[in-house]
$ cat start.txt   # compact mmCIF, C-alpha atoms
# COMPACT_ATOMS: atom_id res chain seq x y z
CA MET A 4 -19.54 -7.61 71.53
CA LYS A 5 -21.09 -4.55 73.22
CA LYS A 6 -18.58 -2.22 71.48
CA LYS A 7 -19.40 -3.73 68.08
CA LEU A 8 -23.12 -3.41 68.71
CA PHE A 9 -22.70 0.23 69.78
CA ALA A 10 -20.70 1.04 66.64
CA PHE A 11 -23.35 -0.55 64.43
CA LEU A 12 -26.21 1.28 66.12
CA SER A 13 -24.31 4.60 65.96
CA ALA A 14 -23.75 4.22 62.22
CA ALA A 15 -27.39 3.31 61.67
CA PHE A 16 -28.52 6.33 63.69
CA VAL A 17 -26.31 8.65 61.67
CA LEU A 18 -27.78 7.52 58.39
CA SER A 19 -31.42 7.26 59.46
CA CYS A 20 -31.90 10.58 61.22
CA GLY A 21 -29.62 12.76 59.08
CA CYS A 22 -27.53 13.78 62.11
CA PHE A 23 -24.00 13.35 60.77
CA PHE A 24 -21.99 13.21 63.97
CA ALA A 25 -19.38 10.44 64.26
CA ALA A 26 -18.58 10.52 67.97
CA GLU A 27 -16.13 7.64 67.72
CA ASN A 28 -13.99 9.43 65.16
CA PRO A 29 -12.55 12.58 66.79
CA GLN A 30 -11.23 13.84 63.45
CA THR A 31 -14.77 14.22 62.10
CA ALA A 32 -16.77 15.05 65.23
CA GLN A 33 -17.65 18.52 63.91
CA TYR A 34 -18.07 17.49 60.26
CA GLN A 35 -21.00 19.12 58.46
CA ALA A 36 -22.44 16.90 55.76
CA TYR A 37 -24.38 18.06 52.71
CA ARG A 38 -27.35 15.70 52.84
CA THR A 39 -30.67 17.51 52.56
CA GLU A 40 -34.37 16.81 52.23
CA ASN A 41 -34.78 19.56 49.62
CA GLU A 42 -36.72 18.01 46.76
CA ASN A 43 -34.82 20.14 44.25
CA ALA A 44 -31.46 18.64 45.20
CA PRO A 45 -29.94 15.92 42.99
CA VAL A 46 -30.70 12.39 44.14
CA VAL A 47 -28.09 9.83 45.16
CA TYR A 48 -29.29 6.26 45.60
CA PHE A 49 -27.63 4.12 48.26
CA ILE A 50 -27.58 0.41 49.02
CA ARG A 51 -25.57 -1.00 51.91
CA GLU A 52 -24.74 -4.34 50.28
CA VAL A 53 -21.77 -4.77 47.94
CA SER A 54 -22.62 -7.53 45.49
CA PRO A 55 -23.35 -7.97 41.77
CA GLU A 56 -27.06 -7.87 42.55
CA ALA A 57 -26.71 -4.69 44.61
CA LEU A 58 -24.90 -2.88 41.80
CA VAL A 59 -27.70 -3.69 39.37
CA LYS A 60 -30.40 -2.77 41.87
CA VAL A 61 -28.99 0.64 42.75
CA TYR A 62 -28.29 1.34 39.07
CA ASP A 63 -31.91 0.50 38.19
CA ALA A 64 -33.11 2.92 40.87
CA MET A 65 -31.64 5.84 38.89
CA GLY A 66 -34.00 5.24 35.99
CA TRP A 67 -31.25 6.26 33.56
CA THR A 68 -31.38 4.76 30.08
CA PRO A 69 -28.16 5.01 28.05
CA GLU A 70 -28.30 5.90 24.39
CA GLY A 71 -26.46 4.16 21.58
CA LYS A 72 -23.02 2.67 22.14
CA VAL A 73 -22.15 2.54 25.84
CA GLY A 74 -18.68 2.82 27.33
CA VAL A 75 -18.20 1.66 30.91
CA LYS A 76 -15.30 3.65 32.36
CA ILE A 77 -13.44 1.74 35.08
CA SER A 78 -9.94 1.50 36.47
CA THR A 79 -8.39 -1.71 35.24
CA GLY A 80 -6.15 -1.78 38.32
CA GLU A 81 -2.37 -1.71 38.69
CA PRO A 82 -0.78 -5.16 39.30
CA PRO A 83 -0.07 -7.06 41.38
CA ALA A 84 -2.49 -6.43 44.24
CA SER A 85 -4.59 -3.28 43.80
CA ASN A 86 -8.21 -3.05 44.91
CA TYR A 87 -9.79 -2.55 41.47
CA LEU A 88 -13.41 -3.60 41.03
CA ARG A 89 -13.34 -7.29 40.18
CA PRO A 90 -15.03 -8.58 37.01
CA GLU A 91 -17.19 -10.94 39.02
CA LEU A 92 -18.57 -7.94 40.94
CA ILE A 93 -19.28 -5.62 38.01
CA GLY A 94 -19.98 -8.14 35.24
CA ASP A 95 -23.77 -8.21 35.58
CA LEU A 96 -24.01 -4.42 35.44
CA VAL A 97 -21.62 -4.09 32.50
CA GLN A 98 -23.62 -6.67 30.56
CA LYS A 99 -26.94 -5.09 31.54
CA VAL A 100 -26.00 -1.90 29.69
CA ASP A 101 -24.33 -3.90 26.90
CA GLY A 102 -21.22 -1.89 27.60
CA VAL A 103 -17.67 -1.85 26.32
CA ILE A 104 -15.11 -1.46 29.11
CA VAL A 105 -12.96 1.60 28.40
CA GLU A 106 -9.79 2.96 29.96
CA SER A 107 -6.70 5.05 29.10
CA ASN A 108 -3.01 4.49 29.69
CA THR A 109 -1.23 5.83 32.75
CA SER A 110 1.36 8.61 32.94
CA TYR A 111 3.33 7.38 35.94
CA GLY A 112 4.84 4.24 34.42
CA GLY A 113 3.75 0.88 35.77
CA ARG A 114 2.17 -2.00 33.91
CA ARG A 115 -0.49 0.08 32.15
CA ALA A 116 1.64 2.81 30.59
CA SER A 117 1.82 1.27 27.11
CA ASN A 118 -0.77 -0.26 24.82
CA ALA A 119 0.57 -3.79 24.80
CA LEU A 120 1.17 -4.00 28.54
CA HIS A 121 -2.22 -2.49 29.34
CA HIS A 122 -4.04 -4.96 27.11
CA GLN A 123 -2.23 -7.78 28.90
CA VAL A 124 -3.29 -6.46 32.32
CA VAL A 125 -6.90 -6.29 31.15
CA LYS A 126 -6.70 -9.91 30.06
CA ASP A 127 -4.92 -11.03 33.22
CA HIS A 128 -7.49 -9.29 35.43
CA GLY A 129 -10.34 -11.10 33.71
CA PHE A 130 -12.18 -8.18 32.15
CA LEU A 131 -12.28 -9.81 28.72
CA ASP A 132 -14.43 -12.53 30.28
CA ILE A 133 -17.29 -10.06 30.80
CA ALA A 134 -17.05 -7.54 27.95
CA GLU A 135 -15.06 -6.11 25.09
CA PHE A 136 -12.30 -3.66 25.96
CA ASP A 137 -11.26 -0.42 24.27
CA LEU A 138 -8.10 1.51 25.12
CA LEU A 139 -9.28 5.02 24.35
CA ASP A 140 -5.87 6.63 23.72
CA GLU A 141 -4.37 3.73 21.79
CA GLU A 142 -4.51 5.65 18.51
CA GLY A 143 -3.95 9.20 19.71
CA THR A 144 -5.90 11.99 21.35
CA MET A 145 -8.66 14.51 20.82
CA ASP A 146 -9.45 17.78 22.57
CA ILE A 147 -12.80 18.59 24.13
CA PRO A 148 -13.70 22.09 25.35
CA VAL A 149 -13.77 23.07 29.00
CA GLY A 150 -16.55 25.14 30.53
CA PRO A 151 -16.59 28.95 30.56
CA ALA A 152 -15.82 29.06 34.29
CA ALA A 153 -12.58 27.06 33.97
CA VAL A 154 -9.52 28.82 35.38
CA ARG A 155 -6.87 26.11 35.07
CA LEU A 156 -7.45 24.32 31.77
CA GLU A 157 -7.82 25.66 28.24
CA ARG A 158 -8.94 22.27 26.92
CA ASN A 159 -9.29 18.66 28.01
CA ILE A 160 -7.16 16.01 26.31
CA VAL A 161 -8.73 12.55 26.04
CA GLY A 162 -8.19 9.46 23.92
CA SER A 163 -9.27 9.67 20.28
CA HIS A 164 -11.72 6.78 20.77
CA PHE A 165 -13.66 8.86 23.29
CA ASP A 166 -15.96 10.13 20.55
CA ASP A 167 -16.94 6.58 19.52
CA TYR A 168 -19.43 6.32 22.39
CA ASP A 169 -22.87 7.82 22.79
CA SER A 170 -23.15 7.24 26.55
CA TYR A 171 -20.82 6.55 29.46
CA LEU A 172 -21.46 4.71 32.69
CA VAL A 173 -18.67 5.84 35.02
CA LEU A 174 -18.12 2.95 37.42
CA SER A 175 -15.72 3.97 40.17
CA HIS A 176 -14.11 2.29 43.14
CA PHE A 177 -14.19 4.98 45.82
CA LYS A 178 -10.97 5.03 47.89
CA GLY A 179 -8.08 7.20 48.99
CA HIS A 180 -5.39 8.55 46.71
CA ALA A 181 -1.78 9.50 47.38
CA MET A 182 -2.02 12.78 45.48
CA ALA A 183 -5.70 13.74 45.18
CA GLY A 184 -6.71 12.54 48.65
CA PHE A 185 -9.57 10.46 47.28
CA GLY A 186 -10.79 9.06 44.01
CA GLY A 187 -14.39 8.68 42.93
CA ALA A 188 -16.55 9.79 40.03
CA ILE A 189 -14.80 13.13 39.47
CA LYS A 190 -11.35 11.57 39.36
CA ASN A 191 -12.58 8.83 37.01
CA LEU A 192 -14.11 11.45 34.72
CA SER A 193 -11.00 13.61 34.66
CA ILE A 194 -7.72 11.77 35.17
CA GLY A 195 -9.40 8.52 34.15
CA PHE A 196 -10.34 9.75 30.69
CA GLY A 197 -7.15 11.76 30.25
CA SER A 198 -4.71 10.34 27.72
CA GLY A 199 -1.56 8.66 29.03
CA GLN A 200 2.15 9.05 28.44
CA SER A 201 2.17 6.85 25.33
CA ALA A 202 -0.02 9.37 23.46
CA PRO A 203 1.36 12.49 21.69
CA GLU A 204 0.08 14.59 24.59
CA SER A 205 -0.75 13.38 28.09
CA GLY A 206 -4.08 14.65 29.37
CA LYS A 207 -3.18 13.17 32.74
CA VAL A 208 -0.01 15.28 32.99
CA TYR A 209 -1.99 18.31 31.83
CA ILE A 210 -4.49 17.86 34.68
CA HIS A 211 -1.89 16.99 37.32
CA THR A 212 0.09 20.14 36.51
CA GLY A 213 -2.96 22.39 36.52
CA GLY A 214 -2.77 23.00 32.78
CA GLU A 215 0.94 23.86 32.71
CA ARG A 216 2.25 21.11 30.41
CA THR A 217 1.40 17.85 28.67
CA ARG A 218 4.72 16.00 28.92
CA GLY A 219 7.09 14.95 31.70
CA ASN A 220 6.29 13.89 35.23
CA ILE A 221 2.86 14.24 36.83
CA TYR A 222 3.91 16.45 39.73
CA GLY A 223 2.46 19.94 40.05
CA GLU A 224 1.00 22.30 42.63
CA GLN A 225 -1.83 20.84 44.68
CA ILE A 226 -4.64 23.40 44.36
CA PRO A 227 -4.25 23.85 40.58
CA PHE A 228 -4.24 20.05 40.25
CA LEU A 229 -7.47 19.62 42.21
CA GLU A 230 -9.18 22.45 40.35
CA ALA A 231 -8.06 21.04 37.00
CA MET A 232 -9.66 17.71 37.96
CA ALA A 233 -13.02 19.38 38.47
CA GLU A 234 -12.72 21.29 35.19
CA ALA A 235 -11.78 18.20 33.18
CA ALA A 236 -14.69 16.29 34.71
CA GLN A 237 -17.06 19.06 33.70
CA ALA A 238 -15.65 19.03 30.16
CA VAL A 239 -16.50 15.34 29.78
CA CYS A 240 -20.03 15.79 31.12
CA ASN A 241 -20.70 18.84 28.97
CA TYR A 242 -19.51 17.02 25.87
CA MET A 243 -21.89 14.14 26.60
CA ASP A 244 -25.03 16.19 25.92
CA GLY A 245 -24.64 18.34 29.00
CA GLY A 246 -24.36 15.29 31.23
CA LYS A 247 -27.57 13.61 30.05
CA ASN A 248 -25.57 10.74 28.59
CA THR A 249 -23.46 10.05 31.67
CA ALA A 250 -24.33 8.22 34.88
CA PHE A 251 -22.26 7.26 37.89
CA VAL A 252 -21.86 4.35 40.28
CA ASN A 253 -19.45 4.55 43.22
CA VAL A 254 -18.57 1.33 45.04
CA LEU A 255 -17.43 1.94 48.62
CA ASN A 256 -15.61 -1.28 49.41
CA ARG A 257 -11.98 -2.13 50.16
CA LEU A 258 -11.59 1.47 51.37
CA SER A 259 -7.82 1.73 51.39
CA VAL A 260 -6.02 5.05 51.75
CA ASP A 261 -4.34 4.17 48.44
CA CYS A 262 -5.69 4.28 44.91
CA ASP A 263 -6.09 1.40 42.46
CA CYS A 264 -3.13 2.91 40.59
CA ASN A 265 -1.01 1.57 43.49
CA GLY A 266 -0.09 -2.04 42.86
CA ASN A 267 0.62 -2.65 46.56
CA PRO A 268 -1.91 -0.53 48.47
CA ALA A 269 -2.27 -0.27 52.22
CA GLU A 270 -4.73 -2.75 53.65
CA PRO A 271 -8.10 -1.11 54.42
CA ASP A 272 -8.73 -0.55 58.12
CA MET A 273 -12.41 0.38 57.87
CA HIS A 274 -15.55 -1.50 56.95
CA ASP A 275 -17.22 -1.57 53.53
CA ILE A 276 -20.08 0.93 53.26
CA GLY A 277 -22.11 0.09 50.16
CA VAL A 278 -22.85 1.34 46.64
CA LEU A 279 -24.04 4.75 45.41
CA ALA A 280 -25.61 5.69 42.08
CA SER A 281 -26.54 9.07 40.62
CA THR A 282 -26.69 11.06 37.42
CA ASP A 283 -24.80 13.86 39.17
CA PRO A 284 -21.00 13.43 39.63
CA LEU A 285 -20.62 16.11 42.29
CA ALA A 286 -23.54 14.84 44.34
CA ILE A 287 -22.35 11.22 44.30
CA ASP A 288 -18.81 12.12 45.37
CA GLN A 289 -20.11 14.40 48.12
CA ALA A 290 -22.39 11.62 49.37
CA ALA A 291 -19.45 9.21 49.40
CA ILE A 292 -17.34 11.70 51.35
CA ASP A 293 -20.15 12.20 53.87
CA LEU A 294 -20.53 8.46 54.39
CA VAL A 295 -16.78 8.03 54.87
CA PHE A 296 -16.33 11.04 57.15
CA THR A 297 -19.19 9.98 59.40
CA ALA A 298 -18.14 6.34 59.64
CA PRO A 299 -16.81 5.42 63.10
CA ASP A 300 -13.68 3.70 61.76
CA SER A 301 -12.57 6.05 58.99
CA ALA A 302 -9.79 8.01 60.71
CA SER A 303 -7.03 6.81 58.36
CA LEU A 304 -8.94 7.59 55.19
CA VAL A 305 -10.13 10.95 56.54
CA GLU A 306 -6.53 11.89 57.33
CA ARG A 307 -5.44 10.92 53.82
CA ILE A 308 -8.18 13.03 52.24
CA ASP A 309 -7.69 16.13 54.34
CA SER A 310 -3.88 15.98 54.32
CA ARG A 311 -4.11 16.40 50.54
CA GLN A 312 -6.86 19.05 50.72
CA GLY A 313 -8.97 16.55 48.81
CA ARG A 314 -12.32 18.16 49.48
CA HIS A 315 -11.24 21.24 47.53
CA VAL A 316 -12.09 19.42 44.30
CA LEU A 317 -15.72 19.43 45.47
CA GLU A 318 -15.56 23.11 46.32
CA HIS A 319 -14.23 24.00 42.88
CA ALA A 320 -16.67 21.63 41.17
CA GLN A 321 -19.51 23.52 42.82
CA ALA A 322 -17.99 26.90 41.92
CA ILE A 323 -17.79 26.06 38.21
CA GLY A 324 -21.23 24.40 38.11
CA LEU A 325 -20.39 20.72 37.68
CA GLY A 326 -23.58 18.66 37.60
CA ALA A 327 -26.36 20.58 39.30
CA GLY A 328 -23.77 22.97 40.70
CA THR A 329 -24.46 22.07 44.31
CA ARG A 330 -22.86 19.80 46.86
CA SER A 331 -26.25 19.23 48.49
CA TYR A 332 -28.03 15.98 47.63
CA ARG A 333 -30.91 13.79 48.70
CA LEU A 334 -29.89 10.30 49.81
CA VAL A 335 -32.43 7.61 48.94
CA GLU A 336 -31.66 4.27 50.50
CA ILE A 337 -32.62 1.13 48.60
CA GLU A 338 -33.63 -1.82 50.74

$ encode --input "start.txt" --output "structure tokens"
Amino acid sequence: MKKKLFAFLSAAFVLSCGCFFAAENPQTAQYQAYRTENENAPVVYFIREVSPEALVKVYDAMGWTPEGKVGVKISTGEPPASNYLRPELIGDLVQKVDGVIVESNTSYGGRRASNALHHQVVKDHGFLDIAEFDLLDEEGTMDIPVGPAAVRLERNIVGSHFDDYDSYLVLSHFKGHAMAGFGGAIKNLSIGFGSGQSAPESGKVYIHTGGERTRGNIYGEQIPFLEAMAEAAQAVCNYMDGGKNTAFVNVLNRLSVDCDCNGNPAEPDMHDIGVLASTDPLAIDQAAIDLVFTAPDSASLVERIDSRQGRHVLEHAQAIGLGAGTRSYRLVEIE
């Protein structure tokens, strides 16, 4: 009981005073977080509860109003047992924005690599009970331009239905990832929107291989892959009126070292943290990383992230000017 109380008080101290030192996690004892009190830094809103009501509350705190037709970008989750965000958790928020759930096919095989199979997974996972669904690359692809600072990609390849939406709410389950180290808003913006293997060209393969090819397997060199993720994410934001028509919610629950693209992920061995919301994709992912790295029970997830050089995607995102072009952020906690 005393150990549990100490862990709780330590975590509370870390968040309340801004001193990000996780003494119980030796891997992150010297970790320097990016939280600041600078009023010019992008704001990330944080609520510790993970519930349908909490998602709506932290979303409302942003004060973001979507325009026109709204796509809600999620991961529909690989069967049979991935940790995708359940319909009963996200349903209220999806309906609040009157959104259409959108996703693209995979490029690694599995149950979501083809149109018919993916539609069946969406039905089986209950998403049709809360909203309409649109498979963005079902009828082909379109190119969107990358930013002038891009060094890996010459274009970004997304589903042809991408242009049917005026605004996107990018709703991400934050977790580890076997290749990228972690997945959050940036991964959902980049690989998530990238077209799959059933399309004429795979945007997912293009990103994974650092812009080398659009067909074949998804394996490429690690640093080009991570940098291509940041560049593809920026392309999506720039296309959506310079990011004005995108907003982001990261849910930090079921924090496995494995992604929702893994149908049999490792069981999480750390506690749920809460929900983040921001209009800045770099800021929200950096805040999620800081919360994970300073948690007392995050050693497994930290090892997964750093063993894949996962934080480099944030470095490159800052270098090319994604969002506000800074990893610093102000964390505003919602009671």

$ residues_near_point --input "start.txt" --point "(-17.2, 29.7, 33.3)" --cutoff "12 Å" --atoms "only C-alpha atoms" --output "list in words"
Pro148, Val149, Gly150, Pro151, Ala152, Ala153, Val154, Arg155, Leu156, Glu157, Glu234, Gln237, Ala238, His319, Ala320, Gln321, Ala322, Ile323, Gly324, Leu325 and Gly328 of chain A

$ closest_residue --input "start.txt" --among "A:Asn159, A:Asn256, A:Val278, A:Pro83" --to "Glu56 in chain A" --atoms "only C-alpha atoms"
A:Val278

$ residues_near_point --input "start.txt" --point "(1.1, 21.3, 36.2)" --cutoff "10 Å" --atoms "all atoms listed in the file" --output "NGL selection string"
:A and (155 or 207-225 or 227-228 or 231)

$ write_last_selection --input "start.txt" --atoms "C-alpha atoms" --output "PDB file, keeping the file's coordinate frame"
ATOM      1  CA  ARG A 155      -6.870  26.110  35.070  1.00  0.00           C
ATOM      2  CA  LYS A 207      -3.180  13.170  32.740  1.00  0.00           C
ATOM      3  CA  VAL A 208      -0.010  15.280  32.990  1.00  0.00           C
ATOM      4  CA  TYR A 209      -1.990  18.310  31.830  1.00  0.00           C
ATOM      5  CA  ILE A 210      -4.490  17.860  34.680  1.00  0.00           C
ATOM      6  CA  HIS A 211      -1.890  16.990  37.320  1.00  0.00           C
ATOM      7  CA  THR A 212       0.090  20.140  36.510  1.00  0.00           C
ATOM      8  CA  GLY A 213      -2.960  22.390  36.520  1.00  0.00           C
ATOM      9  CA  GLY A 214      -2.770  23.000  32.780  1.00  0.00           C
ATOM     10  CA  GLU A 215       0.940  23.860  32.710  1.00  0.00           C
ATOM     11  CA  ARG A 216       2.250  21.110  30.410  1.00  0.00           C
ATOM     12  CA  THR A 217       1.400  17.850  28.670  1.00  0.00           C
ATOM     13  CA  ARG A 218       4.720  16.000  28.920  1.00  0.00           C
ATOM     14  CA  GLY A 219       7.090  14.950  31.700  1.00  0.00           C
ATOM     15  CA  ASN A 220       6.290  13.890  35.230  1.00  0.00           C
ATOM     16  CA  ILE A 221       2.860  14.240  36.830  1.00  0.00           C
ATOM     17  CA  TYR A 222       3.910  16.450  39.730  1.00  0.00           C
ATOM     18  CA  GLY A 223       2.460  19.940  40.050  1.00  0.00           C
ATOM     19  CA  GLU A 224       1.000  22.300  42.630  1.00  0.00           C
ATOM     20  CA  GLN A 225      -1.830  20.840  44.680  1.00  0.00           C
ATOM     21  CA  PRO A 227      -4.250  23.850  40.580  1.00  0.00           C
ATOM     22  CA  PHE A 228      -4.240  20.050  40.250  1.00  0.00           C
ATOM     23  CA  ALA A 231      -8.060  21.040  37.000  1.00  0.00           C
TER      24      ALA A 231
END

$ atom_distance --input "start.txt" --atom1 "CA of Ser331 in chain A" --atom2 "CA of Cys262 in chain A"
25.7 Å

$ closest_residue --input "start.txt" --among "A:Ile308, A:Leu317, A:Leu255, A:Leu294" --to "Met232 in chain A" --atoms "all atoms listed in the file"
A:Leu317

$ atom_distance --input "start.txt" --atom1 "CA of Ser201 in chain A" --atom2 "CA of Leu131 in chain A"
22.3 Å

$ atom_distance --input "start.txt" --atom1 "CA of Val53 in chain A" --atom2 "CA of Gly184 in chain A"
23.0 Å

$ residues_around --input "start.txt" --residues "Lys76 in chain A" --least-positions-apart "3" --cutoff "12 Å" --atoms "only C-alpha atoms" --output "MDAnalysis selection string"
chainID A and resid 73 79 88 93 97 102:107 136:139 165 168 170:176 187:197 249:253

$ closest_residue --input "start.txt" --among "A:Ile50, A:Ala202, A:Ala36, A:Ala183" --to "Asp309 in chain A" --atoms "all atoms listed in the file"
A:Ala183

$ residues_around --input "start.txt" --residues "Gly143 in chain A" --least-positions-apart "4" --cutoff "7 Å" --atoms "all atoms listed in the file" --output "ChimeraX atom specification"
/A:162-163,202-203

$ residues_around --input "start.txt" --residues "Asp63 in chain A" --least-positions-apart "3" --cutoff "12 Å" --atoms "only C-alpha atoms" --output "PyMOL selection string"
chain A and resi 48-50+56-60+66-69+96+99-100+250-252+279-282+337

$ residues_around --input "start.txt" --residues "Arg89 in chain A" --least-positions-apart "4" --cutoff "10 Å" --atoms "all atoms listed in the file" --output "PyMOL selection string"
chain A and resi 79-80+93-94+128-130

$ closest_residue --input "start.txt" --among "A:Ala181, A:Ala119, A:Val124, A:Ala134" --to "Pro90 in chain A" --atoms "only C-alpha atoms"
A:Ala134

$ closest_residue --input "start.txt" --among "A:Leu304, A:Ile147, A:Ile287, A:Ile276" --to "Arg51 in chain A" --atoms "only C-alpha atoms"
A:Ile276

$ residues_around --input "start.txt" --residues "Asn86 in chain A" --least-positions-apart "4" --cutoff "12 Å" --atoms "all atoms listed in the file" --output "mmCIF file with C-alpha atoms, in the coordinates of the input"
data_model
loop_
_atom_site.group_PDB
_atom_site.id
_atom_site.type_symbol
_atom_site.label_atom_id
_atom_site.label_comp_id
_atom_site.auth_asym_id
_atom_site.auth_seq_id
_atom_site.Cartn_x
_atom_site.Cartn_y
_atom_site.Cartn_z
ATOM 1 C CA SER A 78 -9.940 1.500 36.470
ATOM 2 C CA THR A 79 -8.390 -1.710 35.240
ATOM 3 C CA GLY A 80 -6.150 -1.780 38.320
ATOM 4 C CA GLU A 81 -2.370 -1.710 38.690
ATOM 5 C CA PRO A 82 -0.780 -5.160 39.300
ATOM 6 C CA PRO A 90 -15.030 -8.580 37.010
ATOM 7 C CA HIS A 128 -7.490 -9.290 35.430
ATOM 8 C CA SER A 175 -15.720 3.970 40.170
ATOM 9 C CA HIS A 176 -14.110 2.290 43.140
ATOM 10 C CA PHE A 177 -14.190 4.980 45.820
ATOM 11 C CA LYS A 178 -10.970 5.030 47.890
ATOM 12 C CA GLY A 179 -8.080 7.200 48.990
ATOM 13 C CA VAL A 254 -18.570 1.330 45.040
ATOM 14 C CA LEU A 255 -17.430 1.940 48.620
ATOM 15 C CA ASN A 256 -15.610 -1.280 49.410
ATOM 16 C CA ARG A 257 -11.980 -2.130 50.160
ATOM 17 C CA LEU A 258 -11.590 1.470 51.370
ATOM 18 C CA SER A 259 -7.820 1.730 51.390
ATOM 19 C CA VAL A 260 -6.020 5.050 51.750
ATOM 20 C CA ASP A 261 -4.340 4.170 48.440
ATOM 21 C CA CYS A 262 -5.690 4.280 44.910
ATOM 22 C CA ASP A 263 -6.090 1.400 42.460
ATOM 23 C CA CYS A 264 -3.130 2.910 40.590
ATOM 24 C CA ASN A 265 -1.010 1.570 43.490
ATOM 25 C CA GLY A 266 -0.090 -2.040 42.860
ATOM 26 C CA ASN A 267 0.620 -2.650 46.560
ATOM 27 C CA PRO A 268 -1.910 -0.530 48.470
ATOM 28 C CA ALA A 269 -2.270 -0.270 52.220
ATOM 29 C CA GLU A 270 -4.730 -2.750 53.650
ATOM 30 C CA PRO A 271 -8.100 -1.110 54.420
#
